[in-house]
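Text of run_9.cif (mmCIF, C-alpha atoms) as supplied:
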data_my_file
loop_
_atom_site.label_atom_id
_atom_site.label_comp_id
_atom_site.auth_asym_id
_atom_site.auth_seq_id
_atom_site.Cartn_x
_atom_site.Cartn_y
_atom_site.Cartn_z
CA MET Q 1 97.85 96.26 -12.58
CA ASN Q 2 98.32 99.53 -10.68
CA ASN Q 3 99.79 101.21 -13.77
CA SER Q 4 96.86 100.02 -15.86
CA VAL Q 5 94.35 101.39 -13.36
CA THR Q 6 96.23 104.71 -13.23
CA ARG Q 7 96.19 105.05 -17.02
CA LEU Q 8 92.52 104.13 -17.04
CA MET Q 9 91.60 106.85 -14.54
CA GLN Q 10 93.75 109.40 -16.37
CA GLY Q 11 92.02 108.58 -19.64
CA ILE Q 12 88.58 109.02 -18.07
CA ARG Q 13 89.53 112.35 -16.44
CA LYS Q 14 91.00 113.64 -19.68
CA ASN Q 15 87.88 112.69 -21.66
CA HIS Q 16 85.30 113.08 -18.90
CA PHE Q 17 82.93 115.17 -21.04
CA LEU Q 18 82.84 112.53 -23.78
CA PHE Q 19 82.38 109.80 -21.17
CA GLU Q 20 79.41 111.61 -19.61
CA GLN Q 21 77.84 112.09 -23.04
CA LEU Q 22 78.29 108.41 -23.87
CA VAL Q 23 76.54 107.33 -20.66
CA HIS Q 24 73.71 109.80 -21.30
CA ARG Q 25 73.38 108.60 -24.89
CA ASP Q 26 73.22 104.95 -23.80
CA PHE Q 27 70.30 105.70 -21.50
CA THR Q 28 68.54 107.78 -24.14
CA GLN Q 29 68.88 105.13 -26.83
CA LYS Q 30 67.84 102.26 -24.60
CA TYR Q 31 64.59 103.87 -23.42
CA LYS Q 32 63.78 105.83 -26.56
CA ARG Q 33 60.02 105.75 -27.31
CA SER Q 34 59.44 103.57 -24.26
CA ILE Q 35 56.43 104.41 -22.11
CA LEU Q 36 57.86 102.95 -18.89
CA GLY Q 37 61.44 104.05 -19.61
CA MET Q 38 63.81 102.97 -16.83
CA GLY Q 39 60.91 101.13 -15.23
CA TRP Q 40 61.67 98.25 -17.57
CA SER Q 41 64.98 97.74 -15.78
CA VAL Q 42 62.98 96.79 -12.71
CA LEU Q 43 59.98 95.21 -14.39
CA SER Q 44 61.96 92.79 -16.56
CA PRO Q 45 63.59 90.78 -13.71
CA LEU Q 46 60.32 90.89 -11.77
CA LEU Q 47 58.39 89.37 -14.67
CA THR Q 48 61.10 86.71 -15.00
CA LEU Q 49 60.77 86.09 -11.25
CA LEU Q 50 57.01 85.69 -11.56
CA ILE Q 51 57.31 83.16 -14.38
CA MET Q 52 59.98 81.13 -12.61
CA LYS Q 53 58.06 81.16 -9.34
CA ILE Q 54 54.93 79.86 -11.05
CA VAL Q 55 56.81 77.16 -12.96
CA PHE Q 56 59.35 75.95 -10.38
CA SER Q 57 57.74 76.57 -6.97
CA SER Q 58 56.02 73.20 -6.90
CA PHE Q 59 59.34 71.43 -7.58
CA PHE Q 60 61.88 73.30 -5.44
CA ALA Q 61 60.19 75.76 -3.06
CA LYS Q 62 59.61 73.19 -0.30
CA HIS Q 63 63.33 72.49 0.03
CA ILE Q 64 64.66 76.08 -0.27
CA PRO Q 65 63.91 78.69 2.43
CA HIS Q 66 62.75 82.12 1.19
CA TYR Q 67 62.40 80.75 -2.31
CA THR Q 68 61.23 84.08 -3.75
CA ILE Q 69 64.38 85.85 -2.60
CA TYR Q 70 66.44 82.84 -3.69
CA LEU Q 71 65.05 83.25 -7.22
CA LEU Q 72 65.36 87.03 -7.22
CA SER Q 73 68.99 86.90 -6.03
CA GLY Q 74 69.89 84.80 -9.03
CA ASN Q 75 67.78 86.81 -11.46
CA ILE Q 76 69.15 90.25 -10.66
CA VAL Q 77 72.81 89.16 -10.70
CA LEU Q 78 72.39 87.17 -13.91
CA SER Q 79 70.43 90.01 -15.58
CA TYR Q 80 73.17 92.48 -14.67
CA TYR Q 81 75.83 90.20 -16.11
CA LYS Q 82 73.86 89.67 -19.32
CA GLU Q 83 73.10 93.35 -19.87
CA ALA Q 84 76.64 94.54 -19.18
CA THR Q 85 78.37 91.95 -21.35
CA LYS Q 86 75.92 91.87 -24.27
CA ASN Q 87 75.86 95.65 -24.58
CA GLY Q 88 79.62 95.80 -24.06
CA MET Q 89 80.20 93.29 -26.85
CA SER Q 90 79.00 95.72 -29.54
CA SER Q 91 80.50 98.84 -27.94
CA LEU Q 92 83.42 99.12 -30.39
CA VAL Q 93 81.45 98.34 -33.53
CA ASP Q 94 78.63 100.72 -32.60
CA ASN Q 95 81.05 103.60 -31.97
CA ALA Q 96 83.46 103.01 -34.85
CA LYS Q 97 82.51 106.33 -36.48
CA ILE Q 98 83.75 108.17 -33.40
CA PHE Q 99 87.11 106.61 -32.59
CA THR Q 100 88.13 106.20 -36.24
CA LYS Q 101 88.00 110.00 -36.53
CA ILE Q 102 88.94 111.10 -33.01
CA ASN Q 103 91.82 109.77 -30.95
CA VAL Q 104 90.11 108.66 -27.74
CA PRO Q 105 90.65 105.59 -25.51
CA LYS Q 106 88.51 102.84 -27.00
CA TYR Q 107 87.73 101.28 -23.63
CA MET Q 108 85.61 104.32 -22.74
CA PHE Q 109 82.81 103.06 -24.96
CA LEU Q 110 82.73 99.79 -23.07
CA LEU Q 111 82.90 101.52 -19.68
CA SER Q 112 79.91 103.71 -20.54
CA LYS Q 113 77.86 100.58 -21.23
CA ASN Q 114 78.91 99.16 -17.87
CA VAL Q 115 77.97 102.33 -16.02
CA SER Q 116 74.50 102.22 -17.58
CA ALA Q 117 74.10 98.56 -16.63
CA LEU Q 118 75.31 99.27 -13.08
CA VAL Q 119 72.72 102.03 -12.61
CA ASN Q 120 69.97 99.69 -13.82
CA PHE Q 121 71.27 97.02 -11.44
CA GLY Q 122 71.15 99.51 -8.58
CA LEU Q 123 67.45 100.11 -9.24
CA THR Q 124 66.71 96.39 -9.17
CA VAL Q 125 68.65 96.01 -5.90
CA LEU Q 126 66.33 98.57 -4.27
CA VAL Q 127 63.33 96.50 -5.33
CA TYR Q 128 65.20 93.39 -4.14
CA PHE Q 129 65.44 94.79 -0.60
CA ILE Q 130 61.73 95.66 -0.65
CA PHE Q 131 60.95 92.04 -1.51
CA CYS Q 132 63.23 90.95 1.33
CA LEU Q 133 61.07 92.90 3.80
CA PHE Q 134 57.88 91.32 2.46
CA ASP Q 135 59.50 87.89 2.75
CA GLY Q 136 60.39 88.45 6.40
CA ILE Q 137 64.11 89.09 5.93
CA LEU Q 138 65.24 91.98 8.12
CA PHE Q 139 68.14 94.27 7.34
CA HIS Q 140 71.37 93.66 9.22
CA PRO Q 141 74.88 95.20 9.08
CA ARG Q 142 76.24 92.20 7.19
CA MET Q 143 74.26 93.29 4.13
CA LEU Q 144 76.72 96.15 3.66
CA LEU Q 145 79.18 93.49 2.51
CA LEU Q 146 77.12 93.12 -0.67
CA VAL Q 147 79.15 96.04 -1.98
CA TYR Q 148 82.08 93.63 -2.33
CA PRO Q 149 80.50 91.16 -4.81
CA VAL Q 150 79.00 94.07 -6.75
CA LEU Q 151 82.44 95.63 -7.20
CA CYS Q 152 83.90 92.25 -8.16
CA LEU Q 153 81.06 91.67 -10.61
CA LEU Q 154 81.59 95.13 -12.10
CA LEU Q 155 85.25 94.34 -12.78
CA PHE Q 156 84.35 90.88 -14.03
CA ASN Q 157 81.77 92.32 -16.46
CA ILE Q 158 84.26 94.87 -17.73
CA GLY Q 159 86.84 92.15 -18.29
CA VAL Q 160 84.41 89.89 -20.14
CA GLY Q 161 83.17 92.89 -22.15
CA LEU Q 162 86.71 93.82 -23.17
CA VAL Q 163 87.30 90.33 -24.54
CA LEU Q 164 83.90 90.09 -26.25
CA SER Q 165 84.05 93.55 -27.85
CA ALA Q 166 87.48 92.77 -29.30
CA MET Q 167 86.33 89.39 -30.61
CA PHE Q 168 83.19 90.96 -32.10
CA VAL Q 169 85.30 93.29 -34.24
CA PHE Q 170 86.97 90.33 -35.94
CA PHE Q 171 84.23 87.67 -35.70
CA ARG Q 172 80.64 88.94 -35.93
CA ASP Q 173 79.34 85.40 -35.41
CA ILE Q 174 80.37 85.70 -31.77
CA ARG Q 175 77.03 87.42 -31.13
CA TYR Q 176 75.10 84.21 -31.86
CA LEU Q 177 77.56 81.95 -30.07
CA TYR Q 178 77.36 84.15 -26.99
CA ASP Q 179 73.57 83.86 -26.93
CA VAL Q 180 73.97 80.09 -26.72
CA PHE Q 181 76.60 80.54 -24.00
CA LEU Q 182 74.23 82.76 -21.98
CA THR Q 183 71.56 80.08 -22.15
CA MET Q 184 74.05 77.57 -20.77
CA ILE Q 185 75.11 79.98 -18.00
CA THR Q 186 71.47 80.50 -17.05
CA TYR Q 187 70.96 76.81 -16.40
CA LEU Q 188 74.35 76.32 -14.73
CA SER Q 189 73.97 79.19 -12.25
CA ALA Q 190 71.42 77.46 -9.98
CA ILE Q 191 68.86 80.22 -10.42
CA PHE Q 192 65.81 78.10 -9.56
CA TYR Q 193 67.31 74.95 -7.99
CA SER Q 194 69.73 74.12 -5.19
CA VAL Q 195 73.19 72.73 -5.88
CA ASP Q 196 72.85 70.49 -2.82
CA ARG Q 197 71.01 68.04 -5.04
CA PHE Q 198 74.25 67.25 -6.88
CA ALA Q 199 77.02 64.89 -5.87
CA HIS Q 200 79.74 67.52 -6.34
CA PRO Q 201 78.22 70.97 -5.69
CA GLU Q 202 81.69 72.50 -5.44
CA LEU Q 203 81.99 72.21 -9.22
CA PHE Q 204 79.49 75.08 -9.53
CA LEU Q 205 82.19 77.37 -8.14
CA LEU Q 206 83.88 77.09 -11.53
CA ASN Q 207 81.08 79.36 -12.77
CA PRO Q 208 81.91 82.96 -11.74
CA VAL Q 209 78.30 84.11 -12.11
CA TYR Q 210 77.15 81.47 -9.64
CA VAL Q 211 79.91 82.52 -7.24
CA TYR Q 212 78.52 86.06 -7.08
CA ILE Q 213 74.93 84.82 -6.85
CA LYS Q 214 75.83 82.56 -3.94
CA TYR Q 215 77.48 85.49 -2.13
CA PHE Q 216 74.16 87.38 -2.23
CA ARG Q 217 72.28 84.35 -0.92
CA LEU Q 218 74.75 83.66 1.88
CA ILE Q 219 74.52 87.24 3.16
CA VAL Q 220 70.82 87.92 2.66
CA ILE Q 221 69.10 84.56 3.15
CA ASP Q 222 71.50 82.66 5.40
CA GLY Q 223 72.85 85.70 7.25
CA LYS Q 224 76.38 84.33 6.96
CA ILE Q 225 79.61 86.07 5.99
CA PRO Q 226 81.45 84.07 3.31
CA SER Q 227 84.87 82.72 4.20
CA LEU Q 228 88.14 84.45 3.30
CA PRO Q 229 88.88 81.89 0.54
CA TYR Q 230 85.45 82.66 -0.94
CA HIS Q 231 86.23 86.39 -0.95
CA LEU Q 232 89.52 85.64 -2.66
CA LEU Q 233 87.72 83.54 -5.27
CA CYS Q 234 85.40 86.46 -6.07
CA ALA Q 235 88.39 88.76 -6.48
CA PHE Q 236 90.30 86.17 -8.52
CA TYR Q 237 87.60 85.91 -11.19
CA ALA Q 238 87.27 89.70 -11.37
CA LEU Q 239 90.99 90.43 -11.66
CA ILE Q 240 91.86 87.59 -14.02
CA PHE Q 241 89.22 88.66 -16.54
CA VAL Q 242 90.11 92.35 -16.29
CA ALA Q 243 93.76 91.45 -16.87
CA ALA Q 244 92.84 89.24 -19.84
CA GLY Q 245 90.62 91.94 -21.32
CA GLY Q 246 93.28 94.59 -20.88
CA LEU Q 247 95.85 92.37 -22.56
CA VAL Q 248 93.54 91.77 -25.54
CA TYR Q 249 92.91 95.49 -25.97
CA ARG Q 250 96.58 96.36 -25.70
CA ARG Q 251 97.54 93.73 -28.27
CA HIS Q 252 94.84 94.58 -30.83
CA ASN Q 253 94.32 98.28 -30.15
CA HIS Q 254 95.63 99.40 -33.56
CA SER Q 255 94.17 96.44 -35.45
CA PHE Q 256 90.59 97.48 -34.63
CA LEU Q 257 90.75 100.36 -37.13
CA TYR Q 258 91.40 98.01 -40.04
CA TYR Q 259 88.33 95.85 -39.41
CA LEU Q 260 85.73 98.58 -38.88
#
Take the structure from the file and write it as structure tokens.
Amino acid sequence: MNNSVTRLMQGIRKNHFLFEQLVHRDFTQKYKRSILGMGWSVLSPLLTLLIMKIVFSSFFAKHIPHYTIYLLSGNIVLSYYKEATKNGMSSLVDNAKIFTKINVPKYMFLLSKNVSALVNFGLTVLVYFIFCLFDGILFHPRMLLLVYPVLCLLLFNIGVGLVLSAMFVFFRDIRYLYDVFLTMITYLSAIFYSVDRFAHPELFLLNPVYVYIKYFRLIVIDGKIPSLPYHLLCAFYALIFVAAGGLVYRRHNHSFLYYL
């Protein structure tokens, strides 16, 4: 793992100019001819929050403290996961004209997508904290621990993106299957309901996205620091998917050129 990280950092330093241009291009393309520009990164989860609050408040709000923040915690984490992985899935195919002519590390295209998604996520987190103040949740030192699940989620998204982008080169139908999968993840991540209603709530911990959402809720809403095993679970999902993604790229690195 250490050798892989070292090679990764060396590749980025060696091609830092290209990496910067890729990140800049991703932002430019995403907000091209958009009036609000980056404002949509904030507005989109807020509109989703508004719709969910209107629809589900009468069913679940009475049993869940700070229901608005409960919803928003799930929305921003899930939106970050969706944006990073969906954009990462097409990163190789979209940049085939570049790496088929120039010898550059192919993972850089995926990483640029993740940097763009992380910046957008950072903007939504700022709005998230503003909503916390309006909902009567005061800042406390424990909130600094939110850096940990964000870092784990970043690695997790990169790992998932590595696997998806490789699969998308060989099987273009994966795009449609993944849309169905994202719908399933949305309903299985307890965005608008509490897992306490179920006989075996611990089964939700099999869903990595829910694990990271719950970390946000424990820190911000409950004011509790998750246990050491919970921290290890967050790291486990992140590292296992990064390792799997790295293995897929290493095994199929030269095969990509023949399918693009």
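Take the PyMOL selection byres ((chain Q and resi 51-57) around 12) and apply it to this file: it picks Ser44, Pro45, Leu46, Leu47, Thr48, Leu49, Leu50, Ser58, Phe59, Phe60, Ala61, Lys62, His63, Ile64, Pro65, His66, Tyr67, Thr68, Ile69, Tyr70, Leu71, Leu72, Gly74, Asn75, Ile191, Phe192, Tyr193 and Ser194 of chain Q.
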| request: Taking the file above as input, evaluate the PyMOL selection byres ((chain Q and resi 93) around 9) and report the hits as a PyMOL selection string. | output: chain Q and resi 89-92+94-97+165+168-169+260
| Selection: 10 Å around segment 133-146 of chain Q, all atoms listed in the file, excl. self and same-chain fewer than 3 positions, as a ChimeraX atom specification | /Q:66-69,128-130,149-151,212,215-216,218-226
| field | Selection result of the PyMOL selection byres ((chain Q and resi 114-121) around 7) on this file, as a ChimeraX atom specification | value | /Q:23,26-27,41,80,83-84,110-113,122-125,158
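One finds atom CA of Thr186 of chain Q at 26.2 Å from atom CA of Val248 of chain Q.
Those residues that approach Leu162 of chain Q to within 9 Å, counting all atoms listed in the file, are Thr85, Gly88, Met89, Tyr107, Leu110, Asn157, Ile158, Ala166, Met167, Phe241, Val242, Ala244, Gly245, Gly246, Val248 and Tyr249 of chain Q; same-chain residues fewer than 4 positions away are not listed.
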